Structure formats: structure tokens, C-alpha cells
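What follows is a short report on a single structure.
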Amino acid sequence: MLTGLSWLALEVKYLERARAFYEETLGLSVRERGTDELVAAAGDTDLVLRRPSEFPRGGLHTHYAFSVPAAEYDDWWDRLSASYDLEEAQFGSARSLYLYDPDSNCVELGQQDVAGPGIDGIFEVVLEVEALERARDFYDALGFETVDEGNDRTRVRLHGPMALELWEPHLGLADARGGVHVDLGFETDDPAAALAAVRDRVRSLERETDDEIVVRDPDGHFLTFVAP
């Protein structure tokens with residue numbers, strides 16, 4: 001039903017400070033810039049950096065993961081560890097490093113099967129939710145599938161156009177938190193079908209056109225279903 005992650009939006013206090021981190025430190029290309037928002041390209045996914053001037057706001061303290069080619073990982077570690085206190089985790093044969101951006105978002109760079117060079121997509125986003133089963137039922141209806149459940153029953157990992165983790169409030173790896181009021185854009189061939197699947201579960205329907213539908217999920221996250 002949902003075929004791709006089109007964008008992830010983050011709330012930032014100072015656009016120039018955020019731009020410097022994402023463009024100069026992490027090597028993303030800024031392709032659009034306005035008074036209160038800029039858009040950087042992370043592979044085929046947009047990373048939107050947005051000052052809190054209107055709704056939807058970007059996400060606060062969001063934990064999310066960039067894809068980097070496996071062969072580049074050691075170079076990223078060497079480069080970033082000179083200025084940041086990195087943490088590392090291993091998932092099977094793949095490694096991930098963690099650092100924080102200037103607005104306290106936990107940024108993961110993980111080894112993935114991507115072409116690169118450099119950051120080439122977003123493969124995971126973590127949302128904070130009030131009730132885990134309610135949130136899981138909502139995203140199940142959009143075609144996500146459960147692939148892992150935490151032993152403490154405070155989180156669940158879903159697979160869809162990217163990995164989506166739903167966390168009841170707690171601290172995860174690198175003391176990360178799930179994001180609140182996150183703004184996600186999803187590509188779908190049929191926005192109306194995506195809305196129909198969750199119409200009775202959404203907190204609100206914000207906008208509906210033939211090509212774009214915006215809803216808020218049960219925890220207040222903004223979701224846009226947009227035709228490619």
C-alpha cells in the first residue's frame with residue numbers, strides 16, 4: 001500500500017546551525033531553502049528541517065537512521081569520532097554509529113546495502129506512542145508487518161517502506177527517545193486507499209485532495225499519503 005518514504009521532517013531551532021551539521025558534517029545536499037524550512041536530500045528521501053512556525057511541526061528528539069554503504073562505515077567512524085562522542089551497536093553483521101544533531105535528535109548511520117557514495121536513504125524512524133497495541137494496529141492497517149518485539153514490551157519493530165519502531169516512552173540505544181509530533185510523507189499509488197484503511201482510526205483528517213491526503217495518527221504524528 002505504501003511504497004516509499006518520501007520525507008522525514010525535524011524541528012530545528014536555528015536553520016543555519018542545522019544546515020551546517022547536515023550539509024557540512026554529514027554531506028547532505030541542500031536542494032531547497034526558505035525562511036523557515038530547508039530540504040536536504042538523503043538519497044531518494046527528503047530530510048526537512050523546519051523552524052516551529054506553523055503546523056505540521058517537525059519531530060522533536062526523533063531517533064532515525066541513515067543508510068551508508070557498508071564499506072564506508074569505518075571512514076565515517078574515524079571522521080565523526082574526532083568531534084563527537086559516538087556510540088556503536090551491532091545487528092548481526094551490520095554496525096551502526098550514533099550521534100546527536102544540534103537539536104537533540106539521535107542520528108544513526110548504519111551499514112546497509114546501498115550504492116552511496118555517502119548517505120543514501122533513511123532506513124528507520126522511531127515514533128513515541130502512548131499505547132503500543134493501538135499504534136501497532138494503526139500501522140498494520142497501512143501494510144506494515146511486525147518483525148520484532150522488545151522483551152520489556154515497550155517497543156515493537158515494523159517493516160514497511162522502511163523500518164518503523166514504535167516506542168512507549170523509554171530511553172533506547174544511545175539514550176535515544178522516540179520522536180513526538182513527527183511529520184512523515186509516504187508515497188503510495190492510491191492515497192485514497194491508504195486513507196480508507198485507517199479513516200476510522202485517525203485522530204484527524206487534515207487535508208484531502210486527489211493526489212495528497214494528510215492525517216494525524218492516534219498519537220498526533222502527521223502522515224501524508226502522496227502519489228509519486
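Ordered as shown in the C-alpha cells, chains take letters A, B, and onward, while each chain numbers its residues from 1 and ligands are numbered from 1 in the order shown.
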
**Report entry** Within 6 Å of Thr188 (chain A) using only C-alpha atoms, minus same-chain residues under 4 positions, as a ChimeraX atom specification
**Finding:** /A:2-3,226-227

Subject >> Residue neighbourhood region 150-166 of chain A, 12 Å, only C-alpha atoms, exclusion window fewer than 3 positions, as a PyMOL selection string >> reply: chain A and resi 1-8+45+62-67+121-147+169-172+177-180+184-188+219+221

Discussion item. Taking the DSSP secondary structure from the backbone, can you list the residues of region 26-224 of chain A that are strand (DSSP E), as a ChimeraX atom specification?
Written reply: /A:29-33,37-42,45-50,63-69,87-91,94-100,106-112,122-128,145-149,155-159,163-167,183-187,204-208,212-216,222-224

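Atom pair CA of Arg216 (chain A) / CA of Val182 (chain A) has a distance of 9.8 Å (rounded to one decimal).
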
Name the residues of region 24-166 of chain A that come out as alpha helix (DSSP H) in a backbone DSSP run; write them as a short mmCIF file (atom, residue, chain, number, x, y, z; two decimals) with C-alpha atoms, in the first residue's frame.
data_model
loop_
_atom_site.label_atom_id
_atom_site.label_comp_id
_atom_site.auth_asym_id
_atom_site.auth_seq_id
_atom_site.Cartn_x
_atom_site.Cartn_y
_atom_site.Cartn_z
CA TYR A 73 31.40 2.77 7.73
CA ASP A 74 34.94 2.84 9.15
CA ASP A 75 35.66 6.12 7.36
CA TRP A 76 32.51 7.64 8.86
CA TRP A 77 33.54 6.46 12.31
CA ASP A 78 37.03 7.90 12.00
CA ARG A 79 35.77 11.21 10.70
CA LEU A 80 32.95 11.75 13.20
CA SER A 81 34.72 10.39 16.27
CA LEU A 132 1.72 0.26 21.80
CA GLU A 133 -1.05 -2.06 20.60
CA ARG A 134 -3.23 0.80 19.41
CA ALA A 135 -0.32 2.22 17.41
CA ARG A 136 0.63 -1.18 16.01
CA ASP A 137 -2.94 -1.84 14.86
CA PHE A 138 -2.96 1.52 13.07
CA TYR A 139 0.24 0.85 11.13
CA ASP A 140 -0.72 -2.77 10.48
CA ALA A 141 -3.75 -1.39 8.65
#

Restricting to only C-alpha atoms, whichever of A:Glu37, A:Glu11, A:Glu72, A:Glu16 is closest to Pro52 (chain A) is A:Glu11

Skip Tyr100 (chain A) itself and residues of its chain fewer than 6 positions away, then list as a PDB file with N, CA and C atoms, in the first residue's frame all residues within 9 Å of it, counting only C-alpha atoms.
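Everything below was put into around11.pdb:
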ATOM      1  N   TYR A  84      32.814  14.021  17.857  1.00  0.00           N
ATOM      2  CA  TYR A  84      31.609  13.583  18.566  1.00  0.00           C
ATOM      3  C   TYR A  84      31.914  12.358  19.417  1.00  0.00           C
ATOM      4  N   LEU A  86      30.797   9.202  19.980  1.00  0.00           N
ATOM      5  CA  LEU A  86      29.940   8.244  19.289  1.00  0.00           C
ATOM      6  C   LEU A  86      29.642   7.031  20.162  1.00  0.00           C
ATOM      7  N   CYS A 106      18.541  11.987  17.735  1.00  0.00           N
ATOM      8  CA  CYS A 106      19.545  10.927  17.717  1.00  0.00           C
ATOM      9  C   CYS A 106      19.672  10.398  16.294  1.00  0.00           C
ATOM     10  N   VAL A 107      20.835  10.627  15.692  1.00  0.00           N
ATOM     11  CA  VAL A 107      21.077  10.280  14.292  1.00  0.00           C
ATOM     12  C   VAL A 107      21.928   9.016  14.248  1.00  0.00           C
ATOM     13  N   GLU A 108      21.427   8.023  13.560  1.00  0.00           N
ATOM     14  CA  GLU A 108      22.140   6.754  13.379  1.00  0.00           C
ATOM     15  C   GLU A 108      22.642   6.671  11.947  1.00  0.00           C
TER      16      GLU A 108
END

Using only C-alpha atoms, the residue out of A:Ser53, A:Asn105, A:Gln111, A:Thr25 with shortest distance to Ala82 (chain A) is A:Thr25

Among A:Pro191, A:Pro102, A:Pro56, A:Gly34, Tyr22 (chain A) is approached most closely, using only C-alpha atoms, by A:Pro102

Separating CA of Ala18 (chain A) from CA of Leu173 (chain A), to the nearest tenth of an Å, is a gap of 22.7 Å

Shortest contact to Val12 (chain A), candidates A:Ile213, A:Val114, A:Ala193, A:Val48, atoms counted only C-alpha atoms, goes to A:Val48
